[in-house]
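Below: model.txt (compact mmCIF, N, CA and C atoms)
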```
# COMPACT_ATOMS: atom_id res chain seq x y z
N MET Q 1 -9.26 7.62 -10.90
CA MET Q 1 -8.68 6.40 -11.43
C MET Q 1 -7.18 6.42 -11.12
N LYS Q 2 -6.70 5.31 -10.61
CA LYS Q 2 -5.29 5.19 -10.24
C LYS Q 2 -4.53 4.54 -11.39
N ILE Q 3 -3.48 5.20 -11.85
CA ILE Q 3 -2.67 4.73 -12.97
C ILE Q 3 -1.28 4.39 -12.47
N PHE Q 4 -0.78 3.23 -12.87
CA PHE Q 4 0.59 2.82 -12.57
C PHE Q 4 1.48 3.32 -13.70
N VAL Q 5 2.61 3.90 -13.34
CA VAL Q 5 3.59 4.36 -14.33
C VAL Q 5 4.92 3.71 -13.99
N GLY Q 6 5.36 2.79 -14.83
CA GLY Q 6 6.60 2.06 -14.59
C GLY Q 6 7.75 2.60 -15.42
N ASN Q 7 8.96 2.20 -15.05
CA ASN Q 7 10.20 2.59 -15.71
C ASN Q 7 10.48 4.08 -15.53
N VAL Q 8 10.14 4.58 -14.35
CA VAL Q 8 10.37 5.98 -14.00
C VAL Q 8 11.69 6.06 -13.23
N ASP Q 9 12.46 7.07 -13.51
CA ASP Q 9 13.67 7.31 -12.72
C ASP Q 9 13.29 8.22 -11.57
N GLY Q 10 13.04 7.62 -10.40
CA GLY Q 10 12.58 8.36 -9.24
C GLY Q 10 13.55 9.42 -8.75
N ALA Q 11 14.84 9.25 -9.06
CA ALA Q 11 15.82 10.24 -8.63
C ALA Q 11 15.80 11.47 -9.53
N ASP Q 12 15.21 11.31 -10.72
CA ASP Q 12 15.27 12.39 -11.71
C ASP Q 12 13.89 12.85 -12.18
N THR Q 13 12.83 12.30 -11.61
CA THR Q 13 11.46 12.64 -12.03
C THR Q 13 10.69 13.19 -10.84
N THR Q 14 10.00 14.29 -11.03
CA THR Q 14 9.24 14.90 -9.94
C THR Q 14 7.75 14.64 -10.12
N PRO Q 15 6.99 14.66 -9.02
CA PRO Q 15 5.54 14.55 -9.14
C PRO Q 15 4.94 15.65 -10.02
N GLU Q 16 5.50 16.84 -9.93
CA GLU Q 16 5.01 17.96 -10.74
C GLU Q 16 5.21 17.70 -12.23
N GLU Q 17 6.34 17.10 -12.57
CA GLU Q 17 6.63 16.78 -13.97
C GLU Q 17 5.63 15.76 -14.51
N LEU Q 18 5.34 14.74 -13.70
CA LEU Q 18 4.36 13.74 -14.13
C LEU Q 18 2.96 14.33 -14.23
N ALA Q 19 2.60 15.18 -13.28
CA ALA Q 19 1.29 15.81 -13.32
C ALA Q 19 1.13 16.62 -14.60
N ALA Q 20 2.18 17.34 -14.99
CA ALA Q 20 2.13 18.13 -16.23
C ALA Q 20 2.02 17.24 -17.45
N LEU Q 21 2.67 16.07 -17.42
CA LEU Q 21 2.60 15.13 -18.55
C LEU Q 21 1.19 14.57 -18.72
N PHE Q 22 0.49 14.30 -17.61
CA PHE Q 22 -0.84 13.69 -17.65
C PHE Q 22 -1.97 14.72 -17.77
N ALA Q 23 -1.71 15.96 -17.41
CA ALA Q 23 -2.75 17.00 -17.37
C ALA Q 23 -3.51 17.20 -18.69
N PRO Q 24 -2.88 17.10 -19.86
CA PRO Q 24 -3.65 17.30 -21.09
C PRO Q 24 -4.78 16.27 -21.30
N TYR Q 25 -4.77 15.18 -20.54
CA TYR Q 25 -5.76 14.11 -20.72
C TYR Q 25 -6.90 14.17 -19.70
N GLY Q 26 -6.78 15.04 -18.70
CA GLY Q 26 -7.82 15.15 -17.68
C GLY Q 26 -7.26 15.71 -16.39
N THR Q 27 -8.12 15.81 -15.39
CA THR Q 27 -7.74 16.39 -14.10
C THR Q 27 -6.87 15.41 -13.31
N VAL Q 28 -5.67 15.84 -12.98
CA VAL Q 28 -4.75 15.04 -12.17
C VAL Q 28 -4.99 15.41 -10.71
N MET Q 29 -5.37 14.41 -9.92
CA MET Q 29 -5.66 14.64 -8.50
C MET Q 29 -4.39 14.62 -7.66
N SER Q 30 -3.47 13.68 -7.94
CA SER Q 30 -2.20 13.59 -7.22
C SER Q 30 -1.24 12.70 -7.97
N CYS Q 31 0.04 12.85 -7.64
CA CYS Q 31 1.10 12.01 -8.20
C CYS Q 31 2.05 11.63 -7.07
N ALA Q 32 2.50 10.38 -7.08
CA ALA Q 32 3.51 9.93 -6.11
C ALA Q 32 4.59 9.19 -6.88
N VAL Q 33 5.84 9.60 -6.69
CA VAL Q 33 6.96 8.99 -7.40
C VAL Q 33 7.79 8.19 -6.41
N MET Q 34 8.02 6.90 -6.75
CA MET Q 34 8.89 6.06 -5.96
C MET Q 34 10.22 5.93 -6.70
N LYS Q 35 10.99 4.87 -6.44
CA LYS Q 35 12.29 4.73 -7.09
C LYS Q 35 12.17 4.48 -8.59
N GLN Q 36 11.42 3.47 -9.00
CA GLN Q 36 11.36 3.11 -10.41
C GLN Q 36 9.94 3.12 -10.96
N PHE Q 37 9.00 3.62 -10.19
CA PHE Q 37 7.63 3.69 -10.66
C PHE Q 37 6.91 4.84 -9.97
N ALA Q 38 5.70 5.09 -10.44
CA ALA Q 38 4.91 6.18 -9.87
C ALA Q 38 3.43 5.82 -9.97
N PHE Q 39 2.61 6.56 -9.24
CA PHE Q 39 1.16 6.44 -9.36
C PHE Q 39 0.61 7.83 -9.66
N VAL Q 40 -0.29 7.88 -10.62
CA VAL Q 40 -0.98 9.12 -10.97
C VAL Q 40 -2.46 8.87 -10.75
N HIS Q 41 -3.11 9.73 -9.99
CA HIS Q 41 -4.55 9.62 -9.75
C HIS Q 41 -5.26 10.68 -10.59
N MET Q 42 -6.15 10.20 -11.46
CA MET Q 42 -6.91 11.12 -12.31
C MET Q 42 -8.37 11.07 -11.93
N ARG Q 43 -9.05 12.20 -12.08
CA ARG Q 43 -10.45 12.30 -11.67
C ARG Q 43 -11.38 11.47 -12.55
N GLU Q 44 -11.25 11.60 -13.87
CA GLU Q 44 -12.19 10.96 -14.80
C GLU Q 44 -11.58 9.70 -15.41
N SER Q 45 -12.39 8.65 -15.50
CA SER Q 45 -11.90 7.40 -16.10
C SER Q 45 -11.60 7.57 -17.58
N ALA Q 46 -12.39 8.39 -18.30
CA ALA Q 46 -12.15 8.59 -19.73
C ALA Q 46 -10.80 9.26 -19.96
N GLY Q 47 -10.46 10.21 -19.12
CA GLY Q 47 -9.15 10.87 -19.22
C GLY Q 47 -8.02 9.92 -18.90
N ALA Q 48 -8.23 9.05 -17.91
CA ALA Q 48 -7.21 8.06 -17.56
C ALA Q 48 -6.97 7.11 -18.72
N VAL Q 49 -8.03 6.67 -19.38
CA VAL Q 49 -7.89 5.76 -20.53
C VAL Q 49 -7.13 6.46 -21.66
N ARG Q 50 -7.47 7.72 -21.93
CA ARG Q 50 -6.77 8.48 -22.98
C ARG Q 50 -5.28 8.63 -22.63
N ALA Q 51 -4.98 8.91 -21.38
CA ALA Q 51 -3.58 9.07 -20.94
C ALA Q 51 -2.81 7.76 -21.11
N ILE Q 52 -3.43 6.66 -20.72
CA ILE Q 52 -2.77 5.35 -20.85
C ILE Q 52 -2.47 5.06 -22.31
N GLU Q 53 -3.45 5.27 -23.17
CA GLU Q 53 -3.26 5.00 -24.60
C GLU Q 53 -2.18 5.90 -25.20
N ALA Q 54 -2.14 7.16 -24.79
CA ALA Q 54 -1.20 8.11 -25.38
C ALA Q 54 0.21 8.00 -24.80
N LEU Q 55 0.32 7.67 -23.52
CA LEU Q 55 1.62 7.76 -22.85
C LEU Q 55 2.34 6.43 -22.66
N HIS Q 56 1.66 5.31 -22.88
CA HIS Q 56 2.35 4.01 -22.78
C HIS Q 56 3.42 3.95 -23.87
N GLY Q 57 4.66 3.77 -23.47
CA GLY Q 57 5.77 3.74 -24.42
C GLY Q 57 6.43 5.10 -24.63
N HIS Q 58 5.85 6.15 -24.08
CA HIS Q 58 6.42 7.50 -24.19
C HIS Q 58 7.76 7.54 -23.47
N GLU Q 59 8.75 8.20 -24.06
CA GLU Q 59 10.06 8.33 -23.43
C GLU Q 59 10.13 9.66 -22.70
N LEU Q 60 9.97 9.61 -21.39
CA LEU Q 60 10.10 10.81 -20.57
C LEU Q 60 11.57 11.22 -20.51
N ARG Q 61 12.45 10.23 -20.49
CA ARG Q 61 13.90 10.41 -20.58
C ARG Q 61 14.37 9.54 -21.75
N PRO Q 62 15.38 9.99 -22.49
CA PRO Q 62 15.86 9.19 -23.63
C PRO Q 62 16.21 7.76 -23.21
N GLY Q 63 15.66 6.81 -23.96
CA GLY Q 63 15.94 5.40 -23.70
C GLY Q 63 15.14 4.77 -22.58
N ARG Q 64 14.20 5.49 -21.98
CA ARG Q 64 13.37 4.95 -20.89
C ARG Q 64 11.90 5.08 -21.25
N ALA Q 65 11.40 4.09 -21.96
CA ALA Q 65 9.99 4.09 -22.34
C ALA Q 65 9.13 3.79 -21.12
N LEU Q 66 8.14 4.63 -20.87
CA LEU Q 66 7.25 4.45 -19.73
C LEU Q 66 6.31 3.27 -19.95
N VAL Q 67 6.00 2.59 -18.88
CA VAL Q 67 4.95 1.57 -18.87
C VAL Q 67 3.78 2.23 -18.16
N VAL Q 68 2.69 2.45 -18.87
CA VAL Q 68 1.54 3.16 -18.30
C VAL Q 68 0.32 2.26 -18.41
N GLU Q 69 -0.27 1.91 -17.26
CA GLU Q 69 -1.42 1.01 -17.24
C GLU Q 69 -2.27 1.27 -16.00
N MET Q 70 -3.51 0.79 -16.04
CA MET Q 70 -4.38 0.92 -14.86
C MET Q 70 -3.72 0.19 -13.70
N SER Q 71 -3.78 0.78 -12.55
CA SER Q 71 -3.22 0.15 -11.36
C SER Q 71 -4.08 -1.05 -10.97
N ARG Q 72 -3.43 -2.11 -10.54
CA ARG Q 72 -4.15 -3.31 -10.10
C ARG Q 72 -4.32 -3.27 -8.58
N PRO Q 73 -5.42 -3.80 -8.08
CA PRO Q 73 -5.63 -3.79 -6.63
C PRO Q 73 -4.65 -4.72 -5.91
N ARG Q 74 -4.44 -4.43 -4.63
CA ARG Q 74 -3.60 -5.30 -3.80
C ARG Q 74 -4.24 -6.67 -3.64
N PRO Q 75 -3.43 -7.68 -3.38
CA PRO Q 75 -3.99 -9.01 -3.12
C PRO Q 75 -4.92 -9.00 -1.91
N LEU Q 76 -5.86 -9.95 -1.88
CA LEU Q 76 -6.78 -10.07 -0.75
C LEU Q 76 -6.02 -10.37 0.53
N ASN Q 77 -6.63 -10.01 1.65
CA ASN Q 77 -6.06 -10.25 2.98
C ASN Q 77 -4.70 -9.60 3.19
N THR Q 78 -4.54 -8.40 2.61
CA THR Q 78 -3.33 -7.62 2.86
C THR Q 78 -3.77 -6.26 3.40
N TRP Q 79 -2.88 -5.59 4.09
CA TRP Q 79 -3.17 -4.28 4.66
C TRP Q 79 -2.11 -3.30 4.24
N LYS Q 80 -2.53 -2.09 3.99
CA LYS Q 80 -1.61 -1.01 3.68
C LYS Q 80 -1.41 -0.21 4.97
N ILE Q 81 -0.17 -0.02 5.35
CA ILE Q 81 0.16 0.67 6.59
C ILE Q 81 0.92 1.95 6.27
N PHE Q 82 0.48 3.05 6.82
CA PHE Q 82 1.19 4.31 6.69
C PHE Q 82 2.15 4.45 7.86
N VAL Q 83 3.39 4.76 7.57
CA VAL Q 83 4.39 4.97 8.61
C VAL Q 83 4.93 6.39 8.42
N GLY Q 84 4.64 7.26 9.36
CA GLY Q 84 5.06 8.66 9.25
C GLY Q 84 6.37 8.92 9.95
N ASN Q 85 6.90 10.11 9.71
CA ASN Q 85 8.11 10.59 10.36
C ASN Q 85 9.32 9.70 10.05
N VAL Q 86 9.38 9.21 8.82
CA VAL Q 86 10.49 8.36 8.39
C VAL Q 86 11.63 9.26 7.91
N SER Q 87 12.83 8.96 8.32
CA SER Q 87 14.00 9.74 7.93
C SER Q 87 14.14 9.77 6.41
N ALA Q 88 14.58 10.89 5.88
CA ALA Q 88 14.80 11.02 4.44
C ALA Q 88 15.90 10.06 3.98
N ALA Q 89 16.75 9.61 4.88
CA ALA Q 89 17.83 8.70 4.53
C ALA Q 89 17.38 7.24 4.50
N CYS Q 90 16.18 6.95 5.00
CA CYS Q 90 15.68 5.57 5.07
C CYS Q 90 15.34 5.06 3.67
N THR Q 91 15.75 3.83 3.38
CA THR Q 91 15.44 3.22 2.08
C THR Q 91 14.26 2.26 2.23
N SER Q 92 13.66 1.92 1.11
CA SER Q 92 12.56 0.95 1.11
C SER Q 92 13.02 -0.39 1.66
N GLN Q 93 14.25 -0.79 1.31
CA GLN Q 93 14.76 -2.08 1.79
C GLN Q 93 14.94 -2.09 3.31
N GLU Q 94 15.40 -0.99 3.88
CA GLU Q 94 15.56 -0.90 5.34
C GLU Q 94 14.19 -1.02 6.02
N LEU Q 95 13.22 -0.32 5.49
CA LEU Q 95 11.88 -0.37 6.08
C LEU Q 95 11.28 -1.77 5.92
N ARG Q 96 11.46 -2.37 4.76
CA ARG Q 96 10.98 -3.74 4.51
C ARG Q 96 11.59 -4.70 5.53
N SER Q 97 12.90 -4.62 5.74
CA SER Q 97 13.59 -5.51 6.68
C SER Q 97 13.02 -5.37 8.08
N LEU Q 98 12.71 -4.15 8.48
CA LEU Q 98 12.14 -3.91 9.80
C LEU Q 98 10.79 -4.60 9.96
N PHE Q 99 9.91 -4.49 8.94
CA PHE Q 99 8.58 -5.07 9.03
C PHE Q 99 8.56 -6.57 8.77
N GLU Q 100 9.54 -7.09 8.03
CA GLU Q 100 9.58 -8.53 7.77
C GLU Q 100 9.89 -9.33 9.02
N ARG Q 101 10.35 -8.68 10.06
CA ARG Q 101 10.55 -9.37 11.35
C ARG Q 101 9.21 -9.82 11.92
N ARG Q 102 8.13 -9.18 11.50
CA ARG Q 102 6.79 -9.47 12.02
C ARG Q 102 5.92 -10.28 11.06
N GLY Q 103 6.34 -10.40 9.80
CA GLY Q 103 5.53 -11.15 8.83
C GLY Q 103 5.93 -10.82 7.40
N ARG Q 104 5.22 -11.43 6.48
CA ARG Q 104 5.49 -11.27 5.05
C ARG Q 104 5.11 -9.86 4.59
N VAL Q 105 6.00 -9.23 3.84
CA VAL Q 105 5.75 -7.90 3.29
C VAL Q 105 5.54 -8.06 1.78
N ILE Q 106 4.39 -7.62 1.28
CA ILE Q 106 4.07 -7.72 -0.14
C ILE Q 106 4.72 -6.59 -0.92
N GLU Q 107 4.65 -5.39 -0.38
CA GLU Q 107 5.14 -4.20 -1.08
C GLU Q 107 5.59 -3.19 -0.04
N CYS Q 108 6.67 -2.49 -0.32
CA CYS Q 108 7.16 -1.48 0.60
C CYS Q 108 7.78 -0.34 -0.19
N ASP Q 109 7.29 0.87 0.03
CA ASP Q 109 7.81 2.04 -0.66
C ASP Q 109 8.00 3.18 0.31
N VAL Q 110 9.09 3.88 0.17
CA VAL Q 110 9.31 5.11 0.91
C VAL Q 110 8.99 6.23 -0.07
N VAL Q 111 7.91 6.95 0.18
CA VAL Q 111 7.47 8.01 -0.71
C VAL Q 111 8.13 9.31 -0.24
N LYS Q 112 8.98 9.85 -1.08
CA LYS Q 112 9.74 11.06 -0.71
C LYS Q 112 8.99 12.33 -1.07
N GLY Q 113 8.12 12.28 -2.07
CA GLY Q 113 7.41 13.50 -2.43
C GLY Q 113 6.08 13.21 -3.08
N MET Q 114 5.01 13.32 -2.31
CA MET Q 114 3.66 13.15 -2.87
C MET Q 114 3.03 14.52 -2.92
N VAL Q 115 2.63 14.90 -4.10
CA VAL Q 115 2.11 16.25 -4.30
C VAL Q 115 0.65 16.19 -4.71
N PRO Q 116 -0.28 16.68 -3.86
CA PRO Q 116 -1.67 16.80 -4.31
C PRO Q 116 -1.75 17.92 -5.33
N THR Q 117 -2.54 17.73 -6.38
CA THR Q 117 -2.59 18.76 -7.41
C THR Q 117 -3.96 19.38 -7.55
N GLY Q 118 -4.93 18.71 -8.14
CA GLY Q 118 -6.19 19.35 -8.47
C GLY Q 118 -7.36 19.01 -7.59
N VAL Q 119 -7.17 18.83 -6.31
CA VAL Q 119 -8.25 18.43 -5.42
C VAL Q 119 -9.33 19.39 -5.42
```

Would you kindly transcribe this structure into structure tokens?
Amino acid sequence: MKIFVGNVDGADTTPEELAALFAPYGTVMSCAVMKQFAFVHMRESAGAVRAIEALHGHELRPGRALVVEMSRPRPLNTWKIFVGNVSAACTSQELRSLFERRGRVIECDVVKGMVPTGV
């Protein structure tokens, strides 16, 4: 089950830290942290529901209540494209600008650290 975690400070939060936060609720398969949000993949749906109920509103950092909810699917007729070998200095906005020359971009994230955990 894919869980959306909002209001994350991507500069100060690690995938390992999020995995440890979600682990008491079930098996964490992977975590990916972006700038202001993250995705946590959990093996069991029951564990994901327990994590959402327990962690929504949790302050991982003082004054930053997490938004924790089931991830919603992408809109129809969209494609997710993986772009490898991106410079660590590249920002999401730079990448978005590059692809917007070819068409509308729905979402663009530069993932700096995706850590598989309990595969």

Check: Pick from Q:Val40, Q:Val68, Q:Met34, Q:Val5: nearest to Q:Ile52, with only N, CA and C atoms counted?
Finding: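 Nearest to Q:Ile52: Q:Val68.
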
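Proximity of Q:Leu55, Q:Ala32, Q:Ile106, Q:Ile3 to Q:Glu16, computed with only N, CA and C atoms, is greatest for Q:Ala32.
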
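Counting only C-alpha atoms and comparing Q:Leu21, Q:Met70, Q:Ala54, Q:Leu60, the residue that lies closest to Q:Met1 is Q:Met70.
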
Next item on the list: Write down as a ChimeraX atom specification the residues of chain Q whose backbone DSSP state falls under strand (DSSP E or B).
Entry: /Q:2-6,28-33,37-42,59-61,64-65,67-70,113-116

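The coordinates place atom C of Q:Ala19 at 25.5 Å from atom CA of Q:Lys80.
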
Item checked: Å distance separating atom N of Q:Arg101 from atom C of Q:Ile81, one decimal place ->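 That distance, rounded to one decimal, is 14.7 Å.
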
Next item on the list: Using only C-alpha atoms, pick whichever of Q:Phe4, Q:Trp79, Q:Arg64, Q:Gln93 has the shortest atom-to-atom distance to Q:Met42.
Entry: Q:Phe4

Next item on the list: Write down as a PyMOL selection string the residues of chain Q whose backbone DSSP state falls under helix (DSSP H, G or I).
Entry: chain Q and resi 15-25+45-55+92-100

Margin query: Taking (10.1, 2.3, -15.6) in the coordinates of the supplied file, I want to know which residues reach to within 8 Å of it, counting only C-alpha atoms; could you give the answer as a VMD selection string?
Written below: chain Q and resid 5 to 9 36 to 37 64 to 67

Edge lengths and centre in Å, axis-aligned, stretch 74-93 of chain Q plus 4 Å each side, as JSON:
```
{"center_x": 5.5, "center_y": 0.3, "center_z": 2.9, "size_x": 32.6, "size_y": 29.4, "size_z": 23.0}
```

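Here atom C of Q:Ser97 is placed at a distance of 22.2 Å from atom N of Q:Val33.
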
Check: Using all atoms listed in the file, which of the listed residues (Q:Val49, Q:Pro75, Q:Arg61, Q:Glu107) sits closest to Q:Tyr25?
Finding: Q:Val49

Notebook entry, point to check: Nearest to Q:Ala51 among Q:Met29, Q:Phe22, Q:Ala38, Q:Ala11, with distances taken over all atoms listed in the file: which residue is it?
Noted result: Q:Phe22
